$ cat query.cif   # mmCIF, C-alpha atoms
data_model
loop_
_atom_site.group_PDB
_atom_site.id
_atom_site.type_symbol
_atom_site.label_atom_id
_atom_site.label_comp_id
_atom_site.auth_asym_id
_atom_site.auth_seq_id
_atom_site.Cartn_x
_atom_site.Cartn_y
_atom_site.Cartn_z
ATOM 1 C CA MET E 19 -20.969 92.323 -16.799
ATOM 2 C CA THR E 20 -19.708 94.851 -14.276
ATOM 3 C CA THR E 21 -20.402 98.540 -14.474
ATOM 4 C CA VAL E 22 -17.336 100.697 -15.020
ATOM 5 C CA SER E 23 -16.890 103.218 -12.216
ATOM 6 C CA THR E 24 -17.068 106.933 -12.936
ATOM 7 C CA LEU E 25 -13.392 107.281 -12.060
ATOM 8 C CA GLU E 26 -12.439 104.437 -14.408
ATOM 9 C CA SER E 27 -14.556 106.005 -17.159
ATOM 10 C CA LEU E 28 -12.664 109.269 -16.671
ATOM 11 C CA ARG E 29 -9.320 107.426 -16.830
ATOM 12 C CA ARG E 30 -10.321 105.718 -20.058
ATOM 13 C CA GLN E 31 -11.509 109.020 -21.537
ATOM 14 C CA ALA E 32 -8.197 110.640 -20.577
ATOM 15 C CA THR E 33 -6.345 107.790 -22.288
ATOM 16 C CA ARG E 34 -8.354 108.332 -25.483
ATOM 17 C CA THR E 35 -7.872 112.096 -25.532
ATOM 18 C CA THR E 36 -4.269 112.534 -24.387
ATOM 19 C CA HIS E 37 -0.904 111.049 -25.292
ATOM 20 C CA LYS E 38 -0.673 109.202 -21.989
ATOM 21 C CA ILE E 39 -2.140 105.900 -20.871
ATOM 22 C CA HIS E 40 -4.196 106.454 -17.714
ATOM 23 C CA SER E 41 -6.012 103.131 -17.722
ATOM 24 C CA LEU E 42 -5.139 99.722 -19.109
ATOM 25 C CA PRO E 43 -8.112 97.494 -18.232
ATOM 26 C CA MET E 44 -6.671 94.433 -19.978
ATOM 27 C CA LEU E 45 -3.082 93.332 -20.377
ATOM 28 C CA VAL E 46 -2.035 90.434 -22.603
ATOM 29 C CA LEU E 47 1.164 89.054 -21.154
ATOM 30 C CA MET E 48 3.504 86.537 -22.761
ATOM 31 C CA PRO E 49 5.479 84.985 -19.895
ATOM 32 C CA HIS E 50 7.688 83.339 -22.546
ATOM 33 C CA SER E 51 7.432 82.203 -26.141
ATOM 34 C CA SER E 52 7.869 78.447 -25.744
ATOM 35 C CA CYS E 53 5.103 76.394 -27.292
ATOM 36 C CA ASN E 54 4.240 72.718 -27.462
ATOM 37 C CA CYS E 55 2.391 72.998 -30.790
ATOM 38 C CA ARG E 56 3.809 73.442 -34.270
ATOM 39 C CA CYS E 57 0.889 75.293 -35.822
ATOM 40 C CA LEU E 58 0.696 75.915 -39.537
ATOM 41 C CA MET E 59 -0.271 79.573 -39.065
ATOM 42 C CA CYS E 60 2.246 80.456 -36.349
ATOM 43 C CA ASP E 61 5.970 80.358 -35.743
ATOM 44 C CA ILE E 62 6.115 81.525 -32.123
ATOM 45 C CA TRP E 63 7.505 78.121 -31.178
ATOM 46 C CA LYS E 64 10.587 78.829 -33.309
ATOM 47 C CA ALA E 65 11.352 82.096 -31.520
ATOM 48 C CA ASN E 66 12.464 80.905 -28.107
ATOM 49 C CA ALA E 67 15.661 79.000 -28.765
ATOM 50 C CA MET E 68 17.236 80.737 -25.755
ATOM 51 C CA LYS E 69 14.393 79.507 -23.467
ATOM 52 C CA ARG E 70 13.966 82.991 -21.978
ATOM 53 C CA GLU E 71 10.973 83.733 -19.808
ATOM 54 C CA LEU E 72 9.784 86.505 -17.555
ATOM 55 C CA SER E 73 10.851 86.068 -13.973
ATOM 56 C CA ARG E 74 9.064 87.052 -10.807
ATOM 57 C CA GLU E 75 11.599 89.869 -10.487
ATOM 58 C CA ASP E 76 10.702 91.128 -13.983
ATOM 59 C CA ILE E 77 7.055 91.319 -12.978
ATOM 60 C CA GLU E 78 7.814 92.765 -9.533
ATOM 61 C CA ARG E 79 9.476 95.746 -11.228
ATOM 62 C CA GLN E 80 6.210 96.368 -13.118
ATOM 63 C CA MET E 81 3.715 95.868 -10.276
ATOM 64 C CA GLY E 82 3.535 99.585 -9.441
ATOM 65 C CA SER E 83 2.747 100.408 -13.059
ATOM 66 C CA LEU E 84 0.126 97.662 -13.248
ATOM 67 C CA ARG E 85 -1.550 99.096 -10.134
ATOM 68 C CA ASN E 86 -1.286 102.703 -11.395
ATOM 69 C CA LEU E 87 -2.808 101.698 -14.727
ATOM 70 C CA HIS E 88 -5.647 99.905 -12.924
ATOM 71 C CA VAL E 89 -5.128 96.635 -14.792
ATOM 72 C CA GLN E 90 -8.263 94.582 -14.186
ATOM 73 C CA ARG E 91 -7.614 91.498 -16.316
ATOM 74 C CA ILE E 92 -4.407 89.780 -17.363
ATOM 75 C CA VAL E 93 -4.489 87.286 -20.212
ATOM 76 C CA LEU E 94 -1.561 84.879 -20.024
ATOM 77 C CA SER E 95 -0.614 83.987 -23.563
ATOM 78 C CA GLY E 96 2.421 82.628 -25.317
ATOM 79 C CA GLY E 97 3.401 80.251 -26.869
ATOM 80 C CA GLU E 98 1.924 78.103 -24.183
ATOM 81 C CA ALA E 99 1.788 79.820 -20.787
ATOM 82 C CA LEU E 100 1.542 76.424 -19.043
ATOM 83 C CA MET E 101 5.171 75.803 -20.046
ATOM 84 C CA HIS E 102 6.390 78.671 -17.807
ATOM 85 C CA SER E 103 8.649 77.202 -15.120
ATOM 86 C CA ASN E 104 7.037 79.137 -12.274
ATOM 87 C CA LEU E 105 3.564 79.961 -13.604
ATOM 88 C CA TRP E 106 1.566 79.484 -10.403
ATOM 89 C CA LYS E 107 3.847 81.725 -8.306
ATOM 90 C CA PHE E 108 3.648 84.183 -11.195
ATOM 91 C CA CYS E 109 -0.182 84.065 -10.981
ATOM 92 C CA GLU E 110 -0.124 84.633 -7.224
ATOM 93 C CA GLN E 111 2.036 87.687 -7.772
ATOM 94 C CA LEU E 112 -0.328 89.071 -10.433
ATOM 95 C CA ASN E 113 -3.396 88.289 -8.320
ATOM 96 C CA SER E 114 -2.003 90.545 -5.594
ATOM 97 C CA ILE E 115 -3.082 93.627 -7.569
ATOM 98 C CA GLY E 116 -6.642 92.328 -7.732
ATOM 99 C CA ALA E 117 -6.543 91.543 -11.451
ATOM 100 C CA ARG E 118 -8.481 88.592 -12.832
ATOM 101 C CA ILE E 119 -6.370 86.070 -14.728
ATOM 102 C CA SER E 120 -7.360 84.415 -17.977
ATOM 103 C CA LEU E 121 -5.200 81.578 -19.224
ATOM 104 C CA LEU E 122 -4.928 81.129 -22.984
ATOM 105 C CA SER E 123 -3.816 77.582 -23.792
ATOM 106 C CA THR E 124 -3.150 75.215 -26.667
ATOM 107 C CA GLY E 125 -4.782 72.585 -24.486
ATOM 108 C CA LEU E 126 -2.118 69.896 -24.691
ATOM 109 C CA THR E 127 -1.268 69.869 -20.980
ATOM 110 C CA ILE E 128 -4.444 71.198 -19.370
ATOM 111 C CA LYS E 129 -5.264 67.797 -17.878
ATOM 112 C CA ALA E 130 -1.969 67.688 -15.955
ATOM 113 C CA HIS E 131 -2.497 71.256 -14.670
ATOM 114 C CA ALA E 132 -6.279 71.229 -14.146
ATOM 115 C CA SER E 133 -6.256 71.725 -10.370
ATOM 116 C CA ASP E 134 -3.737 74.590 -10.572
ATOM 117 C CA ILE E 135 -5.673 76.249 -13.397
ATOM 118 C CA VAL E 136 -8.856 76.213 -11.324
ATOM 119 C CA ALA E 137 -6.976 77.424 -8.228
ATOM 120 C CA HIS E 138 -5.020 80.270 -9.846
ATOM 121 C CA CYS E 139 -7.010 81.437 -12.866
ATOM 122 C CA ASP E 140 -10.455 82.947 -13.312
ATOM 123 C CA ASP E 141 -11.110 81.369 -16.679
ATOM 124 C CA LEU E 142 -9.548 79.318 -19.448
ATOM 125 C CA ILE E 143 -9.477 80.166 -23.144
ATOM 126 C CA VAL E 144 -8.527 77.287 -25.415
ATOM 127 C CA SER E 145 -7.429 77.345 -29.029
ATOM 128 C CA LEU E 146 -9.717 75.145 -31.090
ATOM 129 C CA ASP E 147 -9.242 75.051 -34.841
ATOM 130 C CA GLY E 148 -12.142 72.863 -35.964
ATOM 131 C CA SER E 149 -13.022 69.226 -36.059
ATOM 132 C CA GLN E 150 -10.669 66.613 -34.623
ATOM 133 C CA GLU E 151 -8.993 66.018 -37.976
ATOM 134 C CA ILE E 152 -8.579 69.699 -38.829
ATOM 135 C CA HIS E 153 -7.430 70.691 -35.343
ATOM 136 C CA ASN E 154 -4.758 67.975 -35.217
ATOM 137 C CA ARG E 155 -3.590 68.871 -38.713
ATOM 138 C CA ILE E 156 -3.356 72.605 -38.008
ATOM 139 C CA ARG E 157 -1.583 72.066 -34.675
ATOM 140 C CA ASN E 158 0.802 69.528 -36.229
ATOM 141 C CA ILE E 159 0.422 67.397 -33.109
ATOM 142 C CA PRO E 160 -1.174 63.935 -33.242
ATOM 143 C CA SER E 161 -4.054 63.736 -30.745
ATOM 144 C CA ALA E 162 -3.980 67.481 -29.931
ATOM 145 C CA TYR E 163 -7.784 67.558 -30.113
ATOM 146 C CA GLU E 164 -8.127 64.579 -27.793
ATOM 147 C CA LYS E 165 -5.711 66.095 -25.249
ATOM 148 C CA LEU E 166 -7.617 69.379 -25.357
ATOM 149 C CA SER E 167 -10.899 67.559 -24.768
ATOM 150 C CA GLU E 168 -9.465 65.529 -21.870
ATOM 151 C CA GLY E 169 -8.079 68.698 -20.297
ATOM 152 C CA ILE E 170 -11.396 70.518 -20.423
ATOM 153 C CA LYS E 171 -13.129 67.486 -18.895
ATOM 154 C CA ALA E 172 -10.541 67.446 -16.080
ATOM 155 C CA VAL E 173 -11.141 71.133 -15.331
ATOM 156 C CA LYS E 174 -14.922 70.643 -15.364
ATOM 157 C CA LEU E 175 -14.628 67.662 -13.001
ATOM 158 C CA ILE E 176 -12.918 69.909 -10.474
ATOM 159 C CA ASN E 177 -15.302 72.830 -10.951
ATOM 160 C CA PRO E 178 -18.279 72.363 -13.298
ATOM 161 C CA SER E 179 -18.937 76.119 -13.377
ATOM 162 C CA PHE E 180 -15.358 77.087 -14.261
ATOM 163 C CA ARG E 181 -15.531 79.202 -17.415
ATOM 164 C CA VAL E 182 -13.915 77.646 -20.485
ATOM 165 C CA THR E 183 -14.202 79.398 -23.841
ATOM 166 C CA GLY E 184 -12.677 78.715 -27.230
ATOM 167 C CA ARG E 185 -11.042 80.765 -29.920
ATOM 168 C CA CYS E 186 -9.850 79.879 -33.390
ATOM 169 C CA VAL E 187 -7.994 81.209 -36.377
ATOM 170 C CA LEU E 188 -9.986 80.786 -39.578
ATOM 171 C CA GLN E 189 -7.782 79.356 -42.293
ATOM 172 C CA ALA E 190 -9.075 79.448 -45.830
ATOM 173 C CA GLY E 191 -6.813 76.739 -47.255
ATOM 174 C CA LEU E 192 -7.585 73.972 -44.797
ATOM 175 C CA VAL E 193 -11.210 74.889 -44.191
ATOM 176 C CA SER E 194 -11.978 75.255 -47.912
ATOM 177 C CA SER E 195 -10.301 72.005 -48.881
ATOM 178 C CA ASN E 196 -12.075 70.161 -46.070
ATOM 179 C CA LEU E 197 -15.462 71.584 -47.073
ATOM 180 C CA ARG E 198 -14.971 70.509 -50.686
ATOM 181 C CA ARG E 199 -14.343 66.917 -49.546
ATOM 182 C CA SER E 200 -17.549 66.849 -47.467
#
$ encode --input "query.cif" --output "structure tokens"
Amino acid sequence: MTTVSTLESLRRQATRTTHKIHSLPMLVLMPHSSCNCRCLMCDIWKANAMKRELSREDIERQMGSLRNLHVQRIVLSGGEALMHSNLWKFCEQLNSIGARISLLSTGLTIKAHASDIVAHCDDLIVSLDGSQEIHNRIRNIPSAYEKLSEGIKAVKLINPSFRVTGRCVLQAGLVSSNLRRS
């Protein structure tokens, strides 16, 4: 874990005590809202009927603000960020401010993008909802768990030390009913 500089500490304190943001260490960015899952707990995938996504020009207009706010980490979320039509150029643009990039993914297409993920991102965060059966059921995608597993293996083959972490949404209905059957 890195030590926060004195100047950054002062910026963060100013943000907490004034009505102005002086520091934004982490930015969660949705390049679009397309998604390749149909999760029970989420309807993001329904929201992007127009197939709109952020362009390089959209981000270019914000680069000065990102620098001025000292953004240190950008989490690419969605939907599924890997569905962005120009994601790797987008990452190069964001890397130019020195920010680290975390990719948050459903995992369905990681295998196909493994080399680009390792080349353009600092880490990968995958959504994992439980066992194979529960994960596939929650994601509403047959073999979602298997595709996620294959994708992580592909990333680790390229770079065994590449950081991959998981996150989940706890869901009482599915988890409780599954536990009662066990």
$ closest_residue --input "query.cif" --among "E:Arg30, E:His40, E:Lys69, E:Arg155" --to "E:Leu84" --atoms "all atoms listed in the file"
E:His40
$ residues_near_point --input "query.cif" --point "(-6.3, 92.9, -9.2)" --cutoff "9 Å" --atoms "all atoms listed in the file" --output "VMD selection string"
chain E and resid 84 to 85 88 to 92 112 to 119
$ resolve_selection --input "query.cif" --expression "the PyMOL selection byres ((chain E and resi 159) around 12)" --output "list in words"
Cys53, Asn54, Cys55, Arg56, Cys57, Leu58, Thr124, Gly125, Leu126, Gln150, Glu151, Ile152, His153, Asn154, Arg155, Ile156, Arg157, Asn158, Pro160, Ser161, Ala162, Tyr163, Glu164, Lys165 and Leu166 of chain E
$ atom_distance --input "query.cif" --atom1 "atom CA of E:Arg70" --atom2 "atom CA of E:Thr183"
28.5 Å
$ atom_distance --input "query.cif" --atom1 "atom CA of E:Phe108" --atom2 "atom CA of E:Ser73"
7.9 Å
$ atom_distance --input "query.cif" --atom1 "atom CA of E:Leu28" --atom2 "atom CA of E:Asp140"
26.6 Å
$ resolve_selection --input "query.cif" --expression "the PyMOL selection byres ((chain E and resi 93-107) around 8)" --output "PyMOL selection string"
chain E and resi 44-54+62-63+71+74+91-92+108-111+119-124+127-128+131+134+138
$ write_last_selection --input "query.cif" --atoms "C-alpha atoms" --output "PDB file, in the frame of the given file"
ATOM      1  CA  MET E  44      -6.671  94.433 -19.978  1.00  0.00           C
ATOM      2  CA  LEU E  45      -3.082  93.332 -20.377  1.00  0.00           C
ATOM      3  CA  VAL E  46      -2.035  90.434 -22.603  1.00  0.00           C
ATOM      4  CA  LEU E  47       1.164  89.054 -21.154  1.00  0.00           C
ATOM      5  CA  MET E  48       3.504  86.537 -22.761  1.00  0.00           C
ATOM      6  CA  PRO E  49       5.479  84.985 -19.895  1.00  0.00           C
ATOM      7  CA  HIS E  50       7.688  83.339 -22.546  1.00  0.00           C
ATOM      8  CA  SER E  51       7.432  82.203 -26.141  1.00  0.00           C
ATOM      9  CA  SER E  52       7.869  78.447 -25.744  1.00  0.00           C
ATOM     10  CA  CYS E  53       5.103  76.394 -27.292  1.00  0.00           C
ATOM     11  CA  ASN E  54       4.240  72.718 -27.462  1.00  0.00           C
ATOM     12  CA  ILE E  62       6.115  81.525 -32.123  1.00  0.00           C
ATOM     13  CA  TRP E  63       7.505  78.121 -31.178  1.00  0.00           C
ATOM     14  CA  GLU E  71      10.973  83.733 -19.808  1.00  0.00           C
ATOM     15  CA  ARG E  74       9.064  87.052 -10.807  1.00  0.00           C
ATOM     16  CA  ARG E  91      -7.614  91.498 -16.316  1.00  0.00           C
ATOM     17  CA  ILE E  92      -4.407  89.780 -17.363  1.00  0.00           C
ATOM     18  CA  PHE E 108       3.648  84.183 -11.195  1.00  0.00           C
ATOM     19  CA  CYS E 109      -0.182  84.065 -10.981  1.00  0.00           C
ATOM     20  CA  GLU E 110      -0.124  84.633  -7.224  1.00  0.00           C
ATOM     21  CA  GLN E 111       2.036  87.687  -7.772  1.00  0.00           C
ATOM     22  CA  ILE E 119      -6.370  86.070 -14.728  1.00  0.00           C
ATOM     23  CA  SER E 120      -7.360  84.415 -17.977  1.00  0.00           C
ATOM     24  CA  LEU E 121      -5.200  81.578 -19.224  1.00  0.00           C
ATOM     25  CA  LEU E 122      -4.928  81.129 -22.984  1.00  0.00           C
ATOM     26  CA  SER E 123      -3.816  77.582 -23.792  1.00  0.00           C
ATOM     27  CA  THR E 124      -3.150  75.215 -26.667  1.00  0.00           C
ATOM     28  CA  THR E 127      -1.268  69.869 -20.980  1.00  0.00           C
ATOM     29  CA  ILE E 128      -4.444  71.198 -19.370  1.00  0.00           C
ATOM     30  CA  HIS E 131      -2.497  71.256 -14.670  1.00  0.00           C
ATOM     31  CA  ASP E 134      -3.737  74.590 -10.572  1.00  0.00           C
ATOM     32  CA  HIS E 138      -5.020  80.270  -9.846  1.00  0.00           C
TER      33      HIS E 138
END
$ closest_residue --input "query.cif" --among "E:Lys174, E:Arg185, E:Arg29, E:Lys38" --to "E:Ile135" --atoms "only C-alpha atoms"
E:Lys174
$ resolve_selection --input "query.cif" --expression "the PyMOL selection byres ((chain E and resi 177) around 12)" --output "JSON, numbers by chain"
{"E": [132, 133, 134, 135, 136, 137, 140, 141, 170, 171, 172, 173, 174, 175, 176, 178, 179, 180, 181, 182]}
$ write_last_selection --input "query.cif" --atoms "C-alpha atoms" --output "compact mmCIF listing (two decimals), in the coordinates of the input"
# COMPACT_ATOMS: atom_id res chain seq x y z
CA ALA E 132 -6.28 71.23 -14.15
CA SER E 133 -6.26 71.72 -10.37
CA ASP E 134 -3.74 74.59 -10.57
CA ILE E 135 -5.67 76.25 -13.40
CA VAL E 136 -8.86 76.21 -11.32
CA ALA E 137 -6.98 77.42 -8.23
CA ASP E 140 -10.46 82.95 -13.31
CA ASP E 141 -11.11 81.37 -16.68
CA ILE E 170 -11.40 70.52 -20.42
CA LYS E 171 -13.13 67.49 -18.90
CA ALA E 172 -10.54 67.45 -16.08
CA VAL E 173 -11.14 71.13 -15.33
CA LYS E 174 -14.92 70.64 -15.36
CA LEU E 175 -14.63 67.66 -13.00
CA ILE E 176 -12.92 69.91 -10.47
CA PRO E 178 -18.28 72.36 -13.30
CA SER E 179 -18.94 76.12 -13.38
CA PHE E 180 -15.36 77.09 -14.26
CA ARG E 181 -15.53 79.20 -17.42
CA VAL E 182 -13.92 77.65 -20.48
$ closest_residue --input "query.cif" --among "E:Thr24, E:Ser41, E:Ser167, E:Ser83" --to "E:Val144" --atoms "only C-alpha atoms"
E:Ser167
$ closest_residue --input "query.cif" --among "E:Ile77, E:Val187, E:Val22, E:Leu87" --to "E:Ser145" --atoms "all atoms listed in the file"
E:Val187
